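Below is one structure, written out as structure tokens, with a few remarks after it.
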Amino acid sequence: MEGIRLSLPSPLVELHDERISSHGIRLFLKRDDLISPEIPGNKWRKLKYNISAARDEGASTLLTFGGAYSNHIRATAAAGHFFGFKTVGVIRGEEHLPLNESLSYAADHGMSLTYMNRTTYRSKTSPHVLEALKQRFGEFYLIPEGGSNSTALRGCAELPEEIGVDFSVICCACGTGGTLAGIAAGLRPDQHALGFAALKGDFLAKDIAQLQRTAIGRVLDNWSVDTEFHFGGFARRKPELDDFIFSFERLHGLTLDWVYVAKMMYGIYTLADRGHFASGSTVIAIITG
Ligand SMILES: Cc1ncc(COP(=O)(O)O)c(C=O)c1O
């Protein structure tokens with residue numbers, strides 16, 4: 001696709017760390033964060049086929065939803081900018097000026113921002129709310145909050161085939177669960193996808209099952225979600241997590257995104273210490289952003 005440079009397949013690099021190798025495990029990082037600075041990681045994988053579907057439908061506008069700090073809003077604005085769509089971002093809550101970094105990036109890339117109070121936002125996909133948005137912005141191609149729909153799963157399902165080493169477990173951080181749902185759909189039957197919830201709550205497994213039912217007609221049994229490592233909930237952090245990020249950066253020169261990726265990586269290290277991964281196994285950790 002034109003106008004943007006995408007590094008695909010994203011690099012796969014082995015992580016050399018005594019805390020992992022002492023358990024007889026090999027750990028590789030799938031550096032999806034390096035796909036593109038504009039549409040990194042799972043954002044690209046989820047948007048790829050949505051962009052082509054919007055084109056096929058003849059849509060000229062992409063509309064999506066998100067919080068004020070949403071990476072997905074920012075990535076959708078970039079997708080519109082580079083692939084020739086108008087974009088509308090429906091933001092939860094009040095407008096706060098000056099715009100934060102994510103929203104000013106979105107606005108600078110041509111996105112029209114509109115704000116929805118939290119009560120209406122809860123029913124954002126109901127027919128009357130969507131109709132009101134159509135009255136205001138014209139016809140649009142709708143991308144759900146977080147970008148997770150059946151079309152997004154198709155893009156995520158392509159990730160495993162890029163991996164040139166034999167592995168038994170592939171890990172990713174979960175928000176809506178779309179990335180995990182799609183990756184699981186791209187695995188061999190003897191491989192397992194392990195998600196780490198970045199939010200509190202036990203809705204994820206149900207949501208992932210529903211995404212797979214809609215996208216592929218059945219729920220696969222080759223995935224699971226660990227809900228232990230949310231560190232207090234979405235966008236919450238604790239000193240243990242900060243210490244982990246700091247030491248990981250010192251050892252490996254990579255600053256982990258603390259909202260999602262660091263929680264997954266902390267989970268992987270903890271599970272490795274507990275003997276969760278069989279000795280001799282190869283584990284892949286997806287750096288989703
Ligand atoms: C960096 C990063 N990793 C993981 C996720 C979770 O992805 P998903 O919503 O598909 O579970 C997100 C959310 O968008 C993200 O920004």
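Identifiers for the structure tokens are assigned positionally: chains receive A, B, ... in sequence, residues are indexed from 1 per chain, and ligands are indexed from 1 in the order shown.
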
Apply DSSP to the backbone of this structure and, from region 46-199 of chain A, keep only the residues in helix (DSSP H, G or I); write these as a ChimeraX atom specification.
/A:46-56,71-83,101-108,118-122,127-137,145-147,150-156,160-162,178-185

Pick out the residues sitting within 9 Å of Asp207 (chain A), and hand them over as a list in words; count only C-alpha atoms, and ignore anything fewer than 4 positions along from it in its own chain.
Thr176, Gly177, Gly178, Phe203, Leu211 and Gln212 of chain A

Residue neighbourhood region 102-104 of chain A, 7 Å, only C-alpha atoms, exclusion window fewer than 4 positions, as a ChimeraX atom specification:
/A:68-69,74,108

Counting only C-alpha atoms and all ligand atoms, which residues of chain A sit at most 7 Å from some atom of ligand 1, and what is each one's closest atom pair with its distance in Å to one decimal, listed by chain and rising residue number, as CSV?
residue,atom,partner,partner_atom_place_in_ligand_line,distance
A:Gly41,CA,ligand 1,1 (C),6.8
A:Asn42,CA,ligand 1,7 (O),6.7
A:Lys43,CA,ligand 1,14 (O),6.8
A:Asn71,CA,ligand 1,16 (O),5.5
A:His72,CA,ligand 1,14 (O),5.9
A:Gly146,CA,ligand 1,9 (O),5.3
A:Ser148,CA,ligand 1,10 (O),6.0
A:Cys172,CA,ligand 1,4 (C),6.8
A:Ala173,CA,ligand 1,4 (C),4.7
A:Cys174,CA,ligand 1,11 (O),3.5
A:Gly175,CA,ligand 1,11 (O),3.6
A:Thr176,CA,ligand 1,9 (O),3.6
A:Gly177,CA,ligand 1,11 (O),3.4
A:Gly178,CA,ligand 1,10 (O),3.7
A:Thr179,CA,ligand 1,10 (O),3.7
A:Leu180,CA,ligand 1,11 (O),6.3
A:Asp257,CA,ligand 1,1 (C),6.7
A:Tyr260,CA,ligand 1,3 (N),5.0
A:Val261,CA,ligand 1,3 (N),5.9
A:Thr288,CA,ligand 1,3 (N),4.5
A:Gly289,CA,ligand 1,1 (C),3.6

I want to know what sits within 10 Å of region 218-225 of chain A, based on only C-alpha atoms, with residues of the same chain fewer than 3 positions away left out; could you give that as number ranges by chain?
A: 169-174, 177, 180-181, 183-185, 187-197, 202, 204-205, 208-215, 228

Could you please take those selected residues and save N, CA and C atoms as a compact mmCIF listing (two decimals), in the first residue's frame?
# COMPACT_ATOMS: atom_id res chain seq x y z
N VAL A 169 4.43 -21.70 22.32
CA VAL A 169 3.52 -20.72 22.92
C VAL A 169 3.81 -19.34 22.35
N ILE A 170 2.75 -18.59 22.04
CA ILE A 170 2.92 -17.20 21.58
C ILE A 170 2.09 -16.32 22.50
N CYS A 171 2.70 -15.24 22.98
CA CYS A 171 2.06 -14.40 24.00
C CYS A 171 1.79 -13.01 23.47
N CYS A 172 0.67 -12.43 23.91
CA CYS A 172 0.42 -11.02 23.61
C CYS A 172 -0.37 -10.40 24.75
N ALA A 173 -0.34 -9.07 24.80
CA ALA A 173 -1.14 -8.35 25.79
C ALA A 173 -2.55 -8.20 25.24
N CYS A 174 -3.53 -8.17 26.14
CA CYS A 174 -4.93 -8.07 25.70
C CYS A 174 -5.61 -6.82 26.25
N GLY A 177 -8.98 -8.00 23.18
CA GLY A 177 -8.80 -9.42 22.89
C GLY A 177 -8.77 -9.74 21.41
N LEU A 180 -5.37 -11.37 20.23
CA LEU A 180 -5.23 -12.78 20.65
C LEU A 180 -6.18 -13.67 19.83
N ALA A 181 -7.42 -13.21 19.66
CA ALA A 181 -8.41 -14.01 18.92
C ALA A 181 -7.90 -14.31 17.52
N ILE A 183 -4.64 -14.10 16.38
CA ILE A 183 -3.39 -14.88 16.37
C ILE A 183 -3.68 -16.36 16.57
N ALA A 184 -4.58 -16.65 17.50
CA ALA A 184 -4.92 -18.06 17.76
C ALA A 184 -5.44 -18.72 16.49
N ALA A 185 -6.13 -17.94 15.67
CA ALA A 185 -6.69 -18.50 14.43
C ALA A 185 -5.61 -18.80 13.39
N LEU A 187 -2.62 -20.25 14.19
CA LEU A 187 -1.65 -21.22 14.76
C LEU A 187 -1.86 -22.63 14.24
N ARG A 188 -0.80 -23.44 14.35
CA ARG A 188 -0.94 -24.88 14.12
C ARG A 188 -1.67 -25.47 15.34
N PRO A 189 -2.28 -26.63 15.19
CA PRO A 189 -3.06 -27.20 16.30
C PRO A 189 -2.24 -27.45 17.56
N ASP A 190 -0.93 -27.69 17.43
CA ASP A 190 -0.14 -27.98 18.62
C ASP A 190 0.47 -26.72 19.26
N GLN A 191 0.06 -25.56 18.78
CA GLN A 191 0.60 -24.32 19.37
C GLN A 191 -0.49 -23.63 20.20
N HIS A 192 -0.04 -22.81 21.15
CA HIS A 192 -1.00 -22.18 22.07
C HIS A 192 -0.76 -20.67 22.10
N ALA A 193 -1.86 -19.91 22.14
CA ALA A 193 -1.76 -18.45 22.29
C ALA A 193 -2.14 -18.08 23.71
N LEU A 194 -1.25 -17.34 24.38
CA LEU A 194 -1.49 -16.96 25.77
C LEU A 194 -1.58 -15.44 25.85
N GLY A 195 -2.75 -14.96 26.30
CA GLY A 195 -2.95 -13.51 26.42
C GLY A 195 -2.80 -13.06 27.86
N PHE A 196 -2.31 -11.85 28.04
CA PHE A 196 -2.20 -11.26 29.37
C PHE A 196 -3.09 -10.03 29.42
N ALA A 197 -4.10 -10.07 30.29
CA ALA A 197 -5.06 -8.98 30.36
C ALA A 197 -4.41 -7.73 30.96
N ASP A 202 -13.22 -10.19 34.19
CA ASP A 202 -13.14 -11.52 33.58
C ASP A 202 -13.99 -11.62 32.32
N LEU A 204 -12.90 -10.88 29.29
CA LEU A 204 -12.10 -11.04 28.07
C LEU A 204 -12.32 -12.37 27.36
N ALA A 205 -12.34 -13.46 28.12
CA ALA A 205 -12.47 -14.78 27.48
C ALA A 205 -13.79 -14.85 26.72
N ILE A 208 -13.44 -12.73 23.55
CA ILE A 208 -12.58 -13.37 22.55
C ILE A 208 -13.35 -14.51 21.86
N ALA A 209 -14.08 -15.27 22.68
CA ALA A 209 -14.89 -16.35 22.11
C ALA A 209 -15.89 -15.78 21.11
N GLN A 210 -16.52 -14.68 21.46
CA GLN A 210 -17.53 -14.07 20.58
C GLN A 210 -16.88 -13.56 19.28
N LEU A 211 -15.69 -12.96 19.41
CA LEU A 211 -14.98 -12.48 18.21
C LEU A 211 -14.67 -13.65 17.27
N GLN A 212 -14.24 -14.77 17.84
CA GLN A 212 -13.92 -15.93 16.99
C GLN A 212 -15.18 -16.53 16.37
N ARG A 213 -16.27 -16.57 17.16
CA ARG A 213 -17.53 -17.10 16.62
C ARG A 213 -17.94 -16.28 15.40
N THR A 214 -17.85 -14.97 15.52
CA THR A 214 -18.27 -14.10 14.42
C THR A 214 -17.31 -14.21 13.23
N ALA A 215 -16.02 -14.26 13.53
CA ALA A 215 -15.03 -14.22 12.43
C ALA A 215 -14.83 -15.56 11.75
N GLU A 228 -3.89 -12.32 35.84
CA GLU A 228 -3.20 -12.02 37.10
C GLU A 228 -2.36 -10.73 37.06

Secondary structure check, strand (DSSP E or B) residues of region 116-261 of chain A, as a VMD selection string
chain A and resid 116 141 to 143 169 to 174 192 to 197 223 to 226

Quick one: residues within 9 Å of Tyr141 (chain A), only C-alpha atoms counted, chain neighbours fewer than 4 positions away excluded, as a ChimeraX atom specification?
/A:50,53-54,57,59-64

For Ile284 (chain A), work out the shell of residues within 6 Å, counting only C-alpha atoms and skipping chain neighbours fewer than 6 positions away, then give it as a PyMOL selection string.
chain A and resi 27-29+170

Contacts of region 7-21 of chain A at 12 Å (only C-alpha atoms; same-chain gap of 5+ positions) as number ranges by chain
A: 1, 26-42, 44-45, 158-165, 247-248, 250-254, 265-266, 268-289

Determine the nearest neighbour of Lys46 (chain A) from the options A:Val259, A:Ile245, A:Ile91, A:Ala157, counting only C-alpha atoms.
A:Ala157

For a test of reading the model, state the distance in Å between CA of Leu130 (chain A) and CA of Gly58 (chain A), rounded to one decimal.
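Going from CA of Leu130 (chain A) over to CA of Gly58 (chain A) covers 18.8 Å.
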
What's the separation between CA of Gly3 (chain A) and CA of Gly138 (chain A), in Å to one decimal place?
25.7 Å

What gap, in Å, lies between CA of Arg236 (chain A) and CA of Met264 (chain A)?
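A separation of 13.8 Å between them.
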